[in-house]
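Containing PDB, C-alpha atoms, pLDDT in the B column: target.pdb.
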ATOM      1  CA  MET A   1     135.574  71.184  21.121  1.00 41.00           C
ATOM      2  CA  LEU A   2     134.357  73.211  18.143  1.00 45.00           C
ATOM      3  CA  ARG A   3     135.187  71.855  14.710  1.00 58.00           C
ATOM      4  CA  VAL A   4     134.329  73.747  11.553  1.00 57.00           C
ATOM      5  CA  ASP A   5     134.680  72.209   8.111  1.00 67.00           C
ATOM      6  CA  TYR A   6     134.266  74.073   4.871  1.00 70.00           C
ATOM      7  CA  ILE A   7     132.016  72.287   2.418  1.00 73.00           C
ATOM      8  CA  ASP A   8     132.877  73.475  -1.081  1.00 74.00           C
ATOM      9  CA  ASN A   9     131.046  70.738  -3.037  1.00 76.00           C
ATOM     10  CA  PHE A  10     134.289  69.987  -4.881  1.00 80.00           C
ATOM     11  CA  GLU A  11     136.609  68.273  -2.410  1.00 79.00           C
ATOM     12  CA  THR A  12     133.993  67.998   0.320  1.00 77.00           C
ATOM     13  CA  LYS A  13     130.498  67.189  -0.911  1.00 82.00           C
ATOM     14  CA  ALA A  14     127.523  68.522   1.040  1.00 81.00           C
ATOM     15  CA  LEU A  15     125.625  65.307   0.404  1.00 85.00           C
ATOM     16  CA  ASP A  16     128.412  63.235   1.981  1.00 86.00           C
ATOM     17  CA  ALA A  17     128.507  65.539   5.022  1.00 83.00           C
ATOM     18  CA  ILE A  18     124.717  65.323   5.410  1.00 84.00           C
ATOM     19  CA  ARG A  19     124.821  61.523   5.204  1.00 88.00           C
ATOM     20  CA  ASP A  20     127.601  61.331   7.802  1.00 86.00           C
ATOM     21  CA  LEU A  21     125.980  63.792  10.207  1.00 84.00           C
ATOM     22  CA  SER A  22     122.556  62.172   9.974  1.00 88.00           C
ATOM     23  CA  ALA A  23     123.925  58.878  11.303  1.00 89.00           C
ATOM     24  CA  ASP A  24     124.144  60.298  14.862  1.00 87.00           C
ATOM     25  CA  ALA A  25     121.335  62.840  14.772  1.00 88.00           C
ATOM     26  CA  GLU A  26     118.148  62.604  16.820  1.00 90.00           C
ATOM     27  CA  ARG A  27     116.427  65.279  14.744  1.00 91.00           C
ATOM     28  CA  ILE A  28     117.135  66.918  11.416  1.00 89.00           C
ATOM     29  CA  ASP A  29     115.660  70.281  10.437  1.00 88.00           C
ATOM     30  CA  ILE A  30     115.898  71.193   6.749  1.00 86.00           C
ATOM     31  CA  ALA A  31     114.988  74.506   5.104  1.00 83.00           C
ATOM     32  CA  VAL A  32     115.469  74.558   1.346  1.00 84.00           C
ATOM     33  CA  VAL A  33     114.370  76.742  -1.510  1.00 82.00           C
ATOM     34  CA  PHE A  34     113.201  73.717  -3.523  1.00 84.00           C
ATOM     35  CA  LEU A  35     113.228  69.932  -3.348  1.00 88.00           C
ATOM     36  CA  SER A  36     113.943  68.109  -6.567  1.00 90.00           C
ATOM     37  CA  TYR A  37     113.126  64.438  -6.905  1.00 94.00           C
ATOM     38  CA  ARG A  38     116.769  63.701  -7.649  1.00 94.00           C
ATOM     39  CA  GLY A  39     117.792  65.455  -4.419  1.00 90.00           C
ATOM     40  CA  TRP A  40     115.140  63.542  -2.484  1.00 93.00           C
ATOM     41  CA  VAL A  41     116.385  60.217  -3.888  1.00 95.00           C
ATOM     42  CA  GLU A  42     119.914  61.091  -2.728  1.00 93.00           C
ATOM     43  CA  LEU A  43     118.777  62.036   0.800  1.00 92.00           C
ATOM     44  CA  LYS A  44     116.011  59.468   1.214  1.00 96.00           C
ATOM     45  CA  PRO A  45     118.132  56.580   2.612  1.00 96.00           C
ATOM     46  CA  CYS A  46     119.657  58.601   5.465  1.00 94.00           C
ATOM     47  CA  LEU A  47     116.392  60.409   6.263  1.00 94.00           C
ATOM     48  CA  THR A  48     114.294  57.234   6.293  1.00 96.00           C
ATOM     49  CA  THR A  49     116.903  55.613   8.524  1.00 96.00           C
ATOM     50  CA  LEU A  50     116.619  58.563  10.915  1.00 94.00           C
ATOM     51  CA  VAL A  51     112.840  58.335  11.244  1.00 96.00           C
ATOM     52  CA  SER A  52     112.802  54.525  11.362  1.00 96.00           C
ATOM     53  CA  ARG A  53     114.978  54.614  14.493  1.00 94.00           C
ATOM     54  CA  GLY A  54     112.611  57.153  16.108  1.00 95.00           C
ATOM     55  CA  GLY A  55     114.334  60.354  15.057  1.00 93.00           C
ATOM     56  CA  GLN A  56     112.413  63.422  13.956  1.00 93.00           C
ATOM     57  CA  LEU A  57     112.532  65.144  10.578  1.00 93.00           C
ATOM     58  CA  ARG A  58     111.235  68.668   9.950  1.00 91.00           C
ATOM     59  CA  VAL A  59     111.314  70.164   6.456  1.00 90.00           C
ATOM     60  CA  ILE A  60     110.463  73.640   5.189  1.00 86.00           C
ATOM     61  CA  VAL A  61     110.453  74.063   1.424  1.00 86.00           C
ATOM     62  CA  ARG A  62     109.519  77.140  -0.582  1.00 79.00           C
ATOM     63  CA  ARG A  63     106.256  76.850  -2.462  1.00 74.00           C
ATOM     64  CA  ASP A  64     107.629  76.752  -6.008  1.00 72.00           C
ATOM     65  CA  VAL A  65     105.698  74.557  -8.428  1.00 70.00           C
ATOM     66  CA  ARG A  66     108.365  74.888 -11.118  1.00 76.00           C
ATOM     67  CA  GLN A  67     111.235  73.504  -9.032  1.00 80.00           C
ATOM     68  CA  THR A  68     109.788  71.522  -6.126  1.00 86.00           C
ATOM     69  CA  SER A  69     108.881  67.956  -6.985  1.00 91.00           C
ATOM     70  CA  PRO A  70     105.321  67.032  -5.937  1.00 91.00           C
ATOM     71  CA  GLU A  71     106.412  63.369  -5.815  1.00 94.00           C
ATOM     72  CA  ALA A  72     109.223  64.146  -3.372  1.00 93.00           C
ATOM     73  CA  VAL A  73     106.898  66.183  -1.151  1.00 92.00           C
ATOM     74  CA  GLU A  74     104.279  63.421  -1.213  1.00 94.00           C
ATOM     75  CA  GLU A  75     106.862  60.840  -0.149  1.00 96.00           C
ATOM     76  CA  LEU A  76     107.945  63.133   2.698  1.00 93.00           C
ATOM     77  CA  PHE A  77     104.346  63.377   3.899  1.00 92.00           C
ATOM     78  CA  HIS A  78     104.235  59.574   4.216  1.00 95.00           C
ATOM     79  CA  LEU A  79     107.311  59.317   6.460  1.00 95.00           C
ATOM     80  CA  GLU A  80     106.724  58.727  10.159  1.00 95.00           C
ATOM     81  CA  ASN A  81     107.996  61.362  12.615  1.00 96.00           C
ATOM     82  CA  THR A  82     108.115  63.947   9.814  1.00 95.00           C
ATOM     83  CA  GLN A  83     106.675  67.448   9.619  1.00 94.00           C
ATOM     84  CA  VAL A  84     106.558  69.308   6.302  1.00 92.00           C
ATOM     85  CA  ALA A  85     105.805  73.015   5.924  1.00 88.00           C
ATOM     86  CA  PHE A  86     105.880  75.345   2.987  1.00 85.00           C
ATOM     87  CA  GLY A  87     107.648  78.683   2.884  1.00 74.00           C
ATOM     88  CA  LEU A  88     106.426  81.666   0.968  1.00 67.00           C
ATOM     89  CA  THR A  89     106.570  81.921  -2.790  1.00 62.00           C
ATOM     90  CA  ASP A  90     108.674  85.025  -2.225  1.00 62.00           C
ATOM     91  CA  ARG A  91     112.028  84.708  -3.983  1.00 61.00           C
ATOM     92  CA  THR A  92     113.865  86.142  -0.960  1.00 59.00           C
ATOM     93  CA  PHE A  93     113.411  82.774   0.781  1.00 56.00           C
ATOM     94  CA  HIS A  94     116.512  81.077  -0.621  1.00 55.00           C
ATOM     95  CA  HIS A  95     117.692  78.820   2.180  1.00 57.00           C
ATOM     96  CA  LYS A  96     119.708  75.654   2.063  1.00 62.00           C
ATOM     97  CA  ASP A  97     120.064  74.912   5.765  1.00 60.00           C
ATOM     98  CA  TYR A  98     120.348  71.587   7.563  1.00 61.00           C
ATOM     99  CA  LEU A  99     120.405  71.365  11.363  1.00 63.00           C
ATOM    100  CA  PHE A 100     121.295  68.083  13.032  1.00 66.00           C
ATOM    101  CA  ALA A 101     120.058  68.000  16.633  1.00 66.00           C
ATOM    102  CA  GLN A 102     121.958  66.225  19.385  1.00 67.00           C
ATOM    103  CA  ILE A 103     125.325  66.809  17.792  1.00 56.00           C
ATOM    104  CA  ARG A 104     124.833  70.600  17.543  1.00 52.00           C
ATOM    105  CA  VAL A 105     125.850  70.958  13.941  1.00 51.00           C
ATOM    106  CA  SER A 106     124.451  73.219  11.276  1.00 52.00           C
ATOM    107  CA  VAL A 107     125.290  72.836   7.611  1.00 54.00           C
ATOM    108  CA  SER A 108     124.628  75.931   5.554  1.00 52.00           C
ATOM    109  CA  LEU A 109     124.987  75.742   1.798  1.00 53.00           C
ATOM    110  CA  SER A 110     125.078  78.350  -0.912  1.00 51.00           C
ATOM    111  CA  SER A 111     124.395  77.942  -4.586  1.00 54.00           C
ATOM    112  CA  ARG A 112     126.772  80.760  -5.453  1.00 49.00           C
ATOM    113  CA  PRO A 113     130.517  80.829  -4.766  1.00 43.00           C
ATOM    114  CA  GLN A 114     131.444  83.361  -2.132  1.00 43.00           C
ATOM    115  CA  PRO A 115     134.174  85.881  -3.020  1.00 45.00           C
ATOM    116  CA  MET A 116     137.459  85.255  -1.287  1.00 43.00           C
TER     117      MET A 116
END

Write out the structure in this file as structure tokens.
Amino acid sequence: MLRVDYIDNFETKALDAIRDLSADAERIDIAVVFLSYRGWVELKPCLTTLVSRGGQLRVIVRRDVRQTSPEAVEELFHLENTQVAFGLTDRTFHHKDYLFAQIRVSVSLSSRPQPM
């Protein structure tokens, strides 16, 4: 059965959905335009739980020294079962995608409201 939920970050928070979905995932793939330390602190508990139970984490983050936290990236490098890669500095790379393997769910986020 296919279930699609709309995550608007008002009534349904993306962070809550990511936390819930990560509980059953065997692998999480994340592609984001930047990784702030605050964002890392919010995601860290569910991602460290994933890798501590043997799950895999793969992260692609755009190479942006103004917005990506070196501390967050360094902490990611120290996690077991984790691969980190850097995207181009090109501004056209503006992803916010999270893929949770095993449960076949993809969460795609946008920083701009979409016209109705």

Evaluate the PyMOL selection byres ((chain A and resi 53) around 12) and report residues as a list in words = Ser22, Ala23, Asp24, Ala25, Glu26, Arg27, Cys46, Leu47, Thr48, Thr49, Leu50, Val51, Ser52, Gly54, Gly55, Gln56, Leu57, Glu80 and Asn81 of chain A

Pick from A:Phe86, A:Val73, A:Ile18, A:Thr12: nearest to Trp40 of chain A, with only C-alpha atoms counted?
->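 Looking only at the distances to Trp40 of chain A, the closest residue turns out to be A:Val73.
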
Please indicate the distance in Å from atom CA of Val84 of chain A to atom CA of Lys13 of chain A, rounded to one decimal place.
-> 25.1 Å

Any idea what the distance is between atom CA of Val59 of chain A and atom CA of Phe10 of chain A?
->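 So the two atoms, atom CA of Val59 of chain A and atom CA of Phe10 of chain A, lie 25.6 Å apart.
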
Got a sec to check which residues sit within 9 Å of (112.1, 75.7, 8.0), counting all atoms listed in the file, and write them as a PDB file with C-alpha atoms, in the frame of the given file?
ATOM      1  CA  ASP A  29     115.660  70.281  10.437  1.00 88.00           C
ATOM      2  CA  ILE A  30     115.898  71.193   6.749  1.00 86.00           C
ATOM      3  CA  ALA A  31     114.988  74.506   5.104  1.00 83.00           C
ATOM      4  CA  VAL A  32     115.469  74.558   1.346  1.00 84.00           C
ATOM      5  CA  ARG A  58     111.235  68.668   9.950  1.00 91.00           C
ATOM      6  CA  VAL A  59     111.314  70.164   6.456  1.00 90.00           C
ATOM      7  CA  ILE A  60     110.463  73.640   5.189  1.00 86.00           C
ATOM      8  CA  VAL A  61     110.453  74.063   1.424  1.00 86.00           C
ATOM      9  CA  VAL A  84     106.558  69.308   6.302  1.00 92.00           C
ATOM     10  CA  ALA A  85     105.805  73.015   5.924  1.00 88.00           C
ATOM     11  CA  PHE A  86     105.880  75.345   2.987  1.00 85.00           C
ATOM     12  CA  GLY A  87     107.648  78.683   2.884  1.00 74.00           C
ATOM     13  CA  HIS A  95     117.692  78.820   2.180  1.00 57.00           C
ATOM     14  CA  ASP A  97     120.064  74.912   5.765  1.00 60.00           C
TER      15      ASP A  97
END

Might you pull out every residue within 8 Å of Asp64 of chain A, with all atoms listed in the file counted and same-chain residues fewer than 2 positions away left off, and present them as a list in words?
-> Phe34, Arg62, Arg66, Gln67, Thr68 and Thr89 of chain A

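Candidate residues A:Ser36, A:Pro45, A:Val65, A:Ala17 were compared for distance to Leu79 of chain A, and the nearest is A:Pro45, using only C-alpha atoms.
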
Quick one: distance from atom CA of Val33 of chain A to atom CA of Arg63 of chain A in Å, one decimal?
->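 These atoms are spaced 8.2 Å apart.
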
The PyMOL selection byres ((chain A and resi 72) around 9) on the file shown: which residues, as JSON, numbers by chain?
-> {"A": [35, 36, 37, 38, 39, 40, 41, 68, 69, 70, 71, 73, 74, 75, 76, 77]}
